[in-house]
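What follows is a single structure, written as C-alpha cells, with notes after it.
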2 protein chains.
Amino acid sequence: MEIKEMVSKILELIQEKKIREIKKELSDLEEIDIAEVMNELPLDSNLLLVFRLLDKDVSTEIFANLDTEEQEYIINSITDKEISTIIEDLFTDDAVDMLEEMPATVVKRVLKNATPDTRNLINQFLKYPDSSAGSVMTSEFVDLKSNMTVTEAVNHLRKVAKDKETIYTCYVTDKTRILEGVVSIKDLLLAHSDDLLKDIMEKDIISAHTLDDQEAVAQDFAKYDLIALPVLDNEERLVGIITIDDIVDVMTEEATEDIMKMNAIVPTEDPYLKTSAFKIAKSRIVWLMILMFTSIISGLILEKFEDAIAALPFLVAFIPMLMDSGGNAGSQASTTIIRGLATNEITLKDCLKVAWKEIRVALMVGLVLCTFMAARIFIQYHLIHQVDGGPVKLIFAVTGAMLATITAAKLVGSLLPMLAKKVHLDPAIVAAPMLTTIVDATALTIFFLLVKAMYQI
Amino acid sequence: MEIKEMVSKILELIQEKKIREIKKELSDLEEIDIAEVMNELPLDSNLLLVFRLLDKDVSTEIFANLDTEEQEYIINSITDKEISTIIEDLFTDDAVDMLEEMPATVVKRVLKNATPDTRNLINQFLKYPDSSAGSVMTSEFVDLKSNMTVTEAVNHLRKVAKDKETIYTCYVTDKTRILEGVVSIKDLLLAHSDDLLKDIMEKDIISAHTLDDQEAVAQDFAKYDLIALPVLDNEERLVGIITIDDIVDVMTEEATEDIMKMNAIVPTEDPYLKTSAFKIAKSRIVWLMILMFTSIISGLILEKFEDAIAALPFLVAFIPMLMDSGGNAGSQASTTIIRGLATNEITLKDCLKVAWKEIRVALMVGLVLCTFMAARIFIQYHLIHQVDGGPVKLIFAVTGAMLATITAAKLVGSLLPMLAKKVHLDPAIVAAPMLTTIVDATALTIFFLLVKAMYQI
C-alpha cells in the first residue's frame with residue numbers, strides 16, 4: 001500500500017479508537033516504512049499515540065529514521081524516563097545525527113537523561129567536524145582480544161550481537177585499544193574452534209582516521225568492496241566503525257552536493273519539499289547574483305563593438321549561438337573532469353594528458369559544427385537572401401569565432417577544475433562562474449575582431 | 001607506495017629476473033591494488049608473467065578486477081586448462097561482466113572451456129538486459145532448507161562458505177526453488193542449535209525481479225539498509241542475489257550518467273583517460289549539434305528585431321546578461337527536480353507543490369536581481385553617461401524581461417523534467433536542450449517587445 005493511503009487509514013483508525021488494528025497494520029510494515037508513515041502524520045498527539053503503540057524492540061530504530069521535526073516533537077512530549085531509554089538504545093551515530101539538528105534546550109534535556117558513559121561518548125562524537133569520518137562512525141562494534149579462542153569469540157559474539165551495528169566484521173584490540181587485527185565472521189566459521197584469534201586474524205587492515213574526509217572514505221569502500229571500516233584516532237586507537245549503510249547515504253549526499261554546486265546552487269541537505277521557498281531562494285540567489293554581474297563583462301565587450309553592431313545589425317543573430325555552443329562545450333568538459341576528480345578516476349598528474357585530449361576533441365567537434373554552420377550561413381545568406389559582402393566573410397568570422405570559442409571552452413573547462421583542486425578549492429564550485437565569463441568573453445571578442453577585420457569597419 | 005612507482009619497480013625486478021622478490025612485493029598488496037598495478041603494465045609477456053606468479057587462491061579475484069584489455073590479453077595468452085580454472089572460479093556476475101566486453105571469438109573459447117552447468121548459467125545471465133537487476137546479480141548465494149536445524153545450517157555454511165559471494169544472509173528455498181525465507185548469520189548465532197530454520201527465518205522478504213531497473217534496486221538498498229537482496233524470476237523462483245558492493249558501483253555509475261546527461265553528454269561507461277579523443281568527441285557532438293541548431297531559433301528572434309537593434313545598438317549589451325541569468329535560474333530548478341526524482345524524494349504527485357514553490361522562489365530571486373540591475377542601469381546610464389529617453393525606460397524593459405525570464409525559467413526548468421518522466425522519457429536528457437531554447441526565446445522576445453513598447457520603435 002502507498003504511504004499516503006496508510007496515513008489516512010491510520011488516522012481513521014485513531015478516530016475510531018481501534019488501537020489493536022493500528023498495531024496490526026503497523027506490524028505488517030518494515031520499520032523504515034513505519035517511520036515514513038509517521039513522518040507524514042500531523043505533529044500532534046496522534047503521532048505520540050502511534051509512537052507509544054510501537055513494539056519496544058523496534059521503536060528506537062523507527063525513531064532513528066524519523067525526520068527531525070517528528071523527533072523533536074516526540075522528545076518534547078515524552079517523559080525523562082522514556083528519553084533515557086531511547087538515548088541508551090540509539091546507536092551513537094543516530095544519536096549524534098539527531099542531536100546535531102535539535103535546539104540547545106532539547107540537546108541539554110536529552111543528555112541529562114543519558115548515563116555518564118553515553119553522555120561522554122556523544123559529546124566526543126559531536127565534536128567531529130561535518131563530513132569527517134568521525135561524524136559518520138558509530139561506537140557499537142564488536143571488540144575481541146587476540147588471545148581468545150574461536151569458541152570464546154563466538155560465545156562473546158552471542159552475548160553482544162544484539163546491540164552491535166554489525167557483527168560481520170569483528171575488531172581485535174589490545175589493552176590500550178590499539179587495533180591489532182580484524183576477524184570476519186566467515187573467518188570464525190571456517191576456523192577450528194580452539195584456534196586463537198591472533199593466528200587467524202587479518203593484520204593488514206584498511207582503516208580511516210577520525211578527521212579523514214567522508215568522501216575519501218566512501219572511495220575506499222567502493223574500491224575495496226568493504227562493508228565496514230575501522231576508524232582510528234590520532235593515537236591509532238580504535239574509536240568507532242563506519243558501516244556501508246551510512247556510506248550509501250554519504251555517496252548519495254555527495255553526488256547531490258556536487259550536482260548542485262555544478263549548477264550554481266549553494267548545497268543544502270534539506271529535503272526540497274520540506275524547505276521553505278525563502279530558504280530555497282537564499283540557496284540560489286548567491287550564484288545568480290555573481291553570474292549576473294560577471295555577465296556584465298560580456299555586455300561591456302558588446303558595448304565596445306557598438307559601431308560594428310550599428311553597421312551590421314544582423315550579426316547580433318549569431319551571438320546566442322556562439323555563447324550557447326561555447327557554454328555547452330565548456331560544461332561538457334568541466335563536468336567530465338569534475339566527476340572524474342570526484343571518483344578518483346582522474347588525478348592532478350593527468351593534467352597534460354587531459355589538456356591534449358581536450359584540444360583534439362575541441363578540434364574534432366569544432367570542425368564538424370563549423371561545417372554545418374558554414375552550410376547554414378551559405379544557404380541562409382546567399383541562397384535565400386543576399387548579405388553585404390557575400391557569405392564568405394560572414395562564414396570566416398562565424399566559424400573562426402566558433403572554433404576558437406570551443407577550443408577555449410574545452411581547455412578552460414577541463415583545466416579550471418584541476419587548477420581549483422590544486423589550490424584546494426572545490427572544483428565543482430569554481431568552474432561554473434569563471435567558465436561562463438571566460439567563454440562568453442572569448443566568443444564575443446574573437447567574433448567581433450574577426451568581423452572588423454573582414455568587413456574593415 | 002603509489003601505483004606508478006610500484007609498476008616501475010615490478011618492471012625493474014622482471015628485467016633483473018628477481019622472481020621471488022616480485023612475489024614478495026605483490027603479496028604485501030591488497031588484491032585490488034595488485035589489479036591496479038597490472039592494469040598499468042604494458043600488454044606483453046610481462047603481464048602474463050605477473051599473472052602466473054599470483055597465488056592460486058587470489059588470482060581469479062585479481063583477474064576479475066582487471067580492465068577489459070588486460071583480461072582479453074591474458075585469455076588470449078593462456079591455455080584452455082587455465083581458462084577453465086578461471087571461468088569455474090569466477091563469480092557469475094564477474095564472468096558475465098567480462099564476457100560482455102569480449103569479442104565473440106574470445107567468448108566462444110571461454111564458454112567452450114566451461115562445464116555445461118557454468119555455460120548454461122552464464123548464457124542465461126548474459127540475456128538479462130543492461131541495467132536490469134538480472135545484469136548485476138550473481139548466483140553464488142547460500143541456499144538452505146526450512147527443515148534444517150541451526151546446527152545443520154551452520155555445518156552446511158562451513159562447507160560452502162568459501163565459494164559464496166556473501167554468507168551473511170542465507171536464503172531458504174523449497175524444492176521448486178521458490179524463496180520461503182531469509183536467515184541472517186546473526187539469527188543463526190542467536191538461535192538455539194536445534195531450532196528449525198522455518199521457525200527463525202524472516203518471511204517478510206524484500207526482493208527484486210530480474211527485469212527490475214538497477215536504479216530502483218539501489219534505492220531499495222539505500223532505504224532499507226540492505227547488504228544483499230534476493231532476485232526472483234517470473235515464477236518467483238530465486239535465481240540470484242545482488243550484493244551491496246555491486247550496488248555501490250551502480251550508484252556511482254548512475255550518478256555519473258545523470259550528471260553527464262544533465263550536461264549534454266551522451267553517457268558512456270568508458271573511463272575518460274582510456275577513451276580515445278575520437279570516441280569522446282562522438283559522445284559530445286550530438287548534443288552540441290542539437291543545441292547549436294536550437295540556438296538558431298534565438299538568432300531568428302533577434303533578426304526580427306533588427307530595426308530596434310539598429311536604432312538602439314547599446315541594447316545588445318543586455319543580451320548576455322538576460323540569457324545567462326535565465327539559463328542559470330532554469331538549470332538551478334531543473335537540477336534540483338531531476339535529482340529529487342532520481343533519489344525518489346520528489347514524485348510526480350508533487351507537481352503542483354513544486355510549481356507553486358518555484359513561482360515564489362522566482363519572484364523572490366527575480367526581485368532581488370532586478371533591484372540590483374536597476375541600480376546598475378541608473379548608475380551607468382544616468383550618472384556616468386546619459387542615454388536616449390533616460391534610464392527609466394531602459395530599467396523597465398530590462399527588469400521586466402528579467403523577471404519574466406526568471407519566472408519562465410524556474411517554471412519550465414522544474415516542470416519539464418516531471419513532464420518528461422510522466423511520458424516515460426529520461427528527465428535528465430530532455431531538460432537541457434528544451435530549457436535553453438525556451439528560456440532564451442522568452443528572454444529575447446519579452447525584452448525587445450518591452451523595448452519597442454517603451455521607445456515606440
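Ligands are numbered from 1 in the order shown, chains are lettered A, B, ... in the order of the C-alpha cells, and residues start at 1 in each chain.
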Interface list for chain A, partner chain B, 7 Å threshold, only C-alpha atoms, as a VMD selection string: chain A and resid 32 158 189 to 190 222 224 to 225 245 248 to 249 255 to 256 259 to 260 263 to 265 277 to 278 280 to 281 285 288 to 289 292 295 to 296 298 to 300 302 to 303 306 309 to 310 313 to 314 316 to 318 320 to 321 324 to 325 328 to 329 331 to 332 335 339 357 360 to 361 364 to 365 369
Keeping only C-alpha atoms, write the selected residues as a JSON list (two decimals), in the first residue's frame.
```json
[["chain", "number", "residue", "atom", "x", "y", "z"],
["A", 32, "ILE", "CA", 11.60, 2.08, 7.62],
["A", 158, "ARG", "CA", 26.35, -14.29, 21.02],
["A", 189, "LEU", "CA", 33.15, -20.08, 10.85],
["A", 190, "LEU", "CA", 35.95, -21.61, 8.79],
["A", 222, "ALA", "CA", 33.92, 1.35, -3.32],
["A", 224, "TYR", "CA", 37.92, -2.46, -1.66],
["A", 225, "ASP", "CA", 34.27, -3.67, -1.57],
["A", 245, "ASP", "CA", 24.64, 1.68, 5.00],
["A", 248, "VAL", "CA", 25.49, 4.62, 0.83],
["A", 249, "ASP", "CA", 23.89, 7.75, 2.28],
["A", 255, "ALA", "CA", 26.66, 13.25, -5.54],
["A", 256, "THR", "CA", 23.71, 15.58, -4.88],
["A", 259, "ILE", "CA", 25.38, 18.24, -8.87],
["A", 260, "MET", "CA", 24.05, 21.29, -7.03],
["A", 263, "ASN", "CA", 24.65, 24.09, -11.33],
["A", 264, "ALA", "CA", 25.18, 27.21, -9.27],
["A", 265, "ILE", "CA", 23.24, 26.22, -6.15],
["A", 277, "ALA", "CA", 10.58, 28.93, -0.71],
["A", 278, "PHE", "CA", 12.55, 31.63, 1.11],
["A", 280, "ILE", "CA", 15.47, 27.78, -1.43],
["A", 281, "ALA", "CA", 15.64, 31.30, -2.87],
["A", 285, "ILE", "CA", 20.39, 33.90, -5.16],
["A", 288, "LEU", "CA", 22.58, 34.14, -9.71],
["A", 289, "MET", "CA", 23.87, 37.46, -8.41],
["A", 292, "MET", "CA", 24.60, 38.31, -13.34],
["A", 295, "SER", "CA", 27.81, 38.54, -17.44],
["A", 296, "ILE", "CA", 28.02, 42.32, -17.38],
["A", 298, "SER", "CA", 30.23, 40.29, -21.80],
["A", 299, "GLY", "CA", 27.85, 43.23, -22.07],
["A", 300, "LEU", "CA", 30.74, 45.66, -21.79],
["A", 302, "LEU", "CA", 29.49, 44.16, -26.77],
["A", 303, "GLU", "CA", 29.35, 47.88, -25.97],
["A", 306, "GLU", "CA", 28.61, 49.13, -30.84],
["A", 309, "ILE", "CA", 26.61, 46.25, -34.48],
["A", 310, "ALA", "CA", 25.12, 49.53, -35.70],
["A", 313, "PRO", "CA", 22.87, 44.61, -37.05],
["A", 314, "PHE", "CA", 22.19, 41.13, -38.50],
["A", 316, "VAL", "CA", 23.65, 40.02, -33.49],
["A", 317, "ALA", "CA", 21.73, 36.92, -34.58],
["A", 318, "PHE", "CA", 24.92, 34.86, -34.15],
["A", 320, "PRO", "CA", 23.18, 33.34, -28.87],
["A", 321, "MET", "CA", 24.61, 30.53, -30.99],
["A", 324, "ASP", "CA", 25.40, 28.72, -26.11],
["A", 325, "SER", "CA", 27.78, 26.46, -28.04],
["A", 328, "ASN", "CA", 27.78, 23.79, -23.66],
["A", 329, "ALA", "CA", 31.20, 22.71, -24.93],
["A", 331, "SER", "CA", 30.36, 22.47, -19.36],
["A", 332, "GLN", "CA", 30.77, 19.10, -21.11],
["A", 335, "THR", "CA", 31.53, 18.11, -15.91],
["A", 339, "ARG", "CA", 33.21, 13.94, -11.90],
["A", 357, "LYS", "CA", 42.86, 15.15, -25.21],
["A", 360, "ARG", "CA", 41.88, 17.18, -30.03],
["A", 361, "VAL", "CA", 38.23, 16.75, -29.00],
["A", 364, "MET", "CA", 37.06, 17.47, -33.95],
["A", 365, "VAL", "CA", 33.71, 18.73, -32.65],
["A", 369, "LEU", "CA", 29.99, 22.20, -36.05]]
```
DSSP helix (DSSP H, G or I) residues within range 140-373 of chain A, listed as number ranges by chain: A: 150-163, 185-190, 197-200, 214-224, 244-262, 272-274, 277-304, 306-311, 313-342, 348-373
Convert the current residue selection to file output with C-alpha atoms, as a tab-separated table (two decimals), in the first residue's frame.
```tsv
chain	number	residue	atom	x	y	z
A	150	VAL	CA	37.32	-19.06	18.25
A	151	THR	CA	34.82	-20.62	20.66
A	152	GLU	CA	35.34	-17.86	23.20
A	153	ALA	CA	34.94	-15.26	20.46
A	154	VAL	CA	31.70	-16.83	19.22
A	155	ASN	CA	30.33	-17.00	22.75
A	156	HIS	CA	31.21	-13.37	23.28
A	157	LEU	CA	29.55	-12.53	19.96
A	158	ARG	CA	26.35	-14.29	21.02
A	159	LYS	CA	26.23	-12.14	24.12
A	160	VAL	CA	26.76	-8.78	22.45
A	161	ALA	CA	25.39	-9.30	18.93
A	162	LYS	CA	22.03	-7.73	19.63
A	163	ASP	CA	23.41	-4.27	20.41
A	185	ILE	CA	32.50	-13.99	10.95
A	186	LYS	CA	33.40	-16.07	7.91
A	187	ASP	CA	36.92	-16.50	9.30
A	188	LEU	CA	35.43	-17.64	12.62
A	189	LEU	CA	33.15	-20.08	10.85
A	190	LEU	CA	35.95	-21.61	8.79
A	197	LEU	CA	42.27	-15.14	17.12
A	198	LYS	CA	45.84	-13.90	16.82
A	199	ASP	CA	46.54	-16.77	14.43
A	200	ILE	CA	43.54	-16.30	12.19
A	214	GLN	CA	33.91	11.13	4.32
A	215	GLU	CA	34.19	11.27	0.52
A	216	ALA	CA	37.65	9.66	0.63
A	217	VAL	CA	36.29	7.01	2.99
A	218	ALA	CA	33.44	6.31	0.54
A	219	GLN	CA	36.02	5.85	-2.22
A	220	ASP	CA	37.80	3.24	-0.11
A	221	PHE	CA	34.53	1.37	0.45
A	222	ALA	CA	33.92	1.35	-3.32
A	223	LYS	CA	37.46	0.33	-4.19
A	224	TYR	CA	37.92	-2.46	-1.66
A	244	ILE	CA	28.24	0.52	4.44
A	245	ASP	CA	24.64	1.68	5.00
A	246	ASP	CA	25.91	5.05	6.16
A	247	ILE	CA	28.36	5.18	3.26
A	248	VAL	CA	25.49	4.62	0.83
A	249	ASP	CA	23.89	7.75	2.28
A	250	VAL	CA	27.19	9.64	2.11
A	251	MET	CA	27.52	8.72	-1.57
A	252	THR	CA	24.03	9.97	-2.43
A	253	GLU	CA	24.64	13.12	-0.40
A	254	GLU	CA	28.00	13.85	-2.03
A	255	ALA	CA	26.66	13.25	-5.54
A	256	THR	CA	23.71	15.58	-4.88
A	257	GLU	CA	26.06	18.17	-3.45
A	258	ASP	CA	28.34	18.03	-6.49
A	259	ILE	CA	25.38	18.24	-8.87
A	260	MET	CA	24.05	21.29	-7.03
A	261	LYS	CA	27.42	23.01	-6.98
A	262	MET	CA	27.96	22.37	-10.69
A	272	TYR	CA	13.29	20.16	-1.24
A	273	LEU	CA	9.62	19.63	-0.44
A	274	LYS	CA	10.10	20.38	3.26
A	277	ALA	CA	10.58	28.93	-0.71
A	278	PHE	CA	12.55	31.63	1.11
A	279	LYS	CA	15.31	29.21	2.09
A	280	ILE	CA	15.47	27.78	-1.43
A	281	ALA	CA	15.64	31.30	-2.87
A	282	LYS	CA	18.53	32.02	-0.48
A	283	SER	CA	20.46	28.98	-1.67
A	284	ARG	CA	20.05	30.11	-5.27
A	285	ILE	CA	20.39	33.90	-5.16
A	286	VAL	CA	24.12	33.99	-4.37
A	287	TRP	CA	25.27	32.46	-7.63
A	288	LEU	CA	22.58	34.14	-9.71
A	289	MET	CA	23.87	37.46	-8.41
A	290	ILE	CA	27.53	36.61	-9.04
A	291	LEU	CA	26.75	35.29	-12.50
A	292	MET	CA	24.60	38.31	-13.34
A	293	PHE	CA	27.47	40.62	-12.53
A	294	THR	CA	30.06	38.55	-14.39
A	295	SER	CA	27.81	38.54	-17.44
A	296	ILE	CA	28.02	42.32	-17.38
A	297	ILE	CA	31.59	41.83	-18.60
A	298	SER	CA	30.23	40.29	-21.80
A	299	GLY	CA	27.85	43.23	-22.07
A	300	LEU	CA	30.74	45.66	-21.79
A	301	ILE	CA	32.58	43.83	-24.58
A	302	LEU	CA	29.49	44.16	-26.77
A	303	GLU	CA	29.35	47.88	-25.97
A	304	LYS	CA	32.89	48.22	-27.26
A	306	GLU	CA	28.61	49.13	-30.84
A	307	ASP	CA	29.82	50.61	-34.12
A	308	ALA	CA	30.07	47.20	-35.78
A	309	ILE	CA	26.61	46.25	-34.48
A	310	ALA	CA	25.12	49.53	-35.70
A	311	ALA	CA	26.67	48.98	-39.15
A	313	PRO	CA	22.87	44.61	-37.05
A	314	PHE	CA	22.19	41.13	-38.50
A	315	LEU	CA	25.43	39.98	-36.84
A	316	VAL	CA	23.65	40.02	-33.49
A	317	ALA	CA	21.73	36.92	-34.58
A	318	PHE	CA	24.92	34.86	-34.15
A	319	ILE	CA	25.51	35.89	-30.55
A	320	PRO	CA	23.18	33.34	-28.87
A	321	MET	CA	24.61	30.53	-30.99
A	322	LEU	CA	28.23	31.36	-30.15
A	323	MET	CA	27.53	31.87	-26.45
A	324	ASP	CA	25.40	28.72	-26.11
A	325	SER	CA	27.78	26.46	-28.04
A	326	GLY	CA	30.74	27.74	-26.06
A	327	GLY	CA	28.89	27.31	-22.79
A	328	ASN	CA	27.78	23.79	-23.66
A	329	ALA	CA	31.20	22.71	-24.93
A	330	GLY	CA	32.80	24.06	-21.77
A	331	SER	CA	30.36	22.47	-19.36
A	332	GLN	CA	30.77	19.10	-21.11
A	333	ALA	CA	34.49	19.24	-20.40
A	334	SER	CA	34.22	20.63	-16.87
A	335	THR	CA	31.53	18.11	-15.91
A	336	THR	CA	33.63	15.19	-17.12
A	337	ILE	CA	36.71	16.36	-15.25
A	338	ILE	CA	34.90	17.34	-12.04
A	339	ARG	CA	33.21	13.94	-11.90
A	340	GLY	CA	36.49	12.19	-12.74
A	341	LEU	CA	38.23	14.01	-9.90
A	342	ALA	CA	35.37	13.15	-7.52
A	348	LEU	CA	46.11	16.13	-10.97
A	349	LYS	CA	49.06	14.32	-12.56
A	350	ASP	CA	46.92	13.66	-15.65
A	351	CYS	CA	46.69	17.38	-16.36
A	352	LEU	CA	48.75	17.39	-19.58
A	353	LYS	CA	47.04	14.25	-20.88
A	354	VAL	CA	43.68	15.90	-20.25
A	355	ALA	CA	44.65	19.15	-21.98
A	356	TRP	CA	45.96	17.33	-25.05
A	357	LYS	CA	42.86	15.15	-25.21
A	358	GLU	CA	40.51	18.13	-24.89
A	359	ILE	CA	42.34	20.08	-27.61
A	360	ARG	CA	41.88	17.18	-30.03
A	361	VAL	CA	38.23	16.75	-29.00
A	362	ALA	CA	37.67	20.51	-29.44
A	363	LEU	CA	39.14	20.48	-32.95
A	364	MET	CA	37.06	17.47	-33.95
A	365	VAL	CA	33.71	18.73	-32.65
A	366	GLY	CA	34.61	22.28	-33.69
A	367	LEU	CA	35.26	21.30	-37.30
A	368	VAL	CA	32.01	19.35	-37.54
A	369	LEU	CA	29.99	22.20	-36.05
A	370	CYS	CA	31.74	24.75	-38.28
A	371	THR	CA	30.97	22.73	-41.41
A	372	PHE	CA	27.29	22.68	-40.60
A	373	MET	CA	27.30	26.34	-39.60
```
Interatomic distance (Å, one decimal) between CA of Asn113 in chain A and CA of Ile34 in chain A: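 Atom-to-atom, CA of Asn113 in chain A and CA of Ile34 in chain A are spaced 26.0 Å apart.
Put simply, CA of Ile74 in chain A is 12.0 Å away from CA of Pro42 in chain A.
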DSSP strand (DSSP E or B) selection over range 85-164 of chain A, as JSON, numbers by chain: {"A": [132, 138, 143, 144, 149]}
Who sits within 12 Å of Lys17 in chain B, only C-alpha atoms, same chain under 5 positions skipped, as a PyMOL selection string: chain B and resi 10-12+22-23+46+49-50
Contact residues around Gly389 in chain B with only C-alpha atoms at 12 Å, ignoring same-chain residues under 4 positions, as an NGL selection string: :B and (312 or 381-382 or 393-396 or 451 or 454-456)
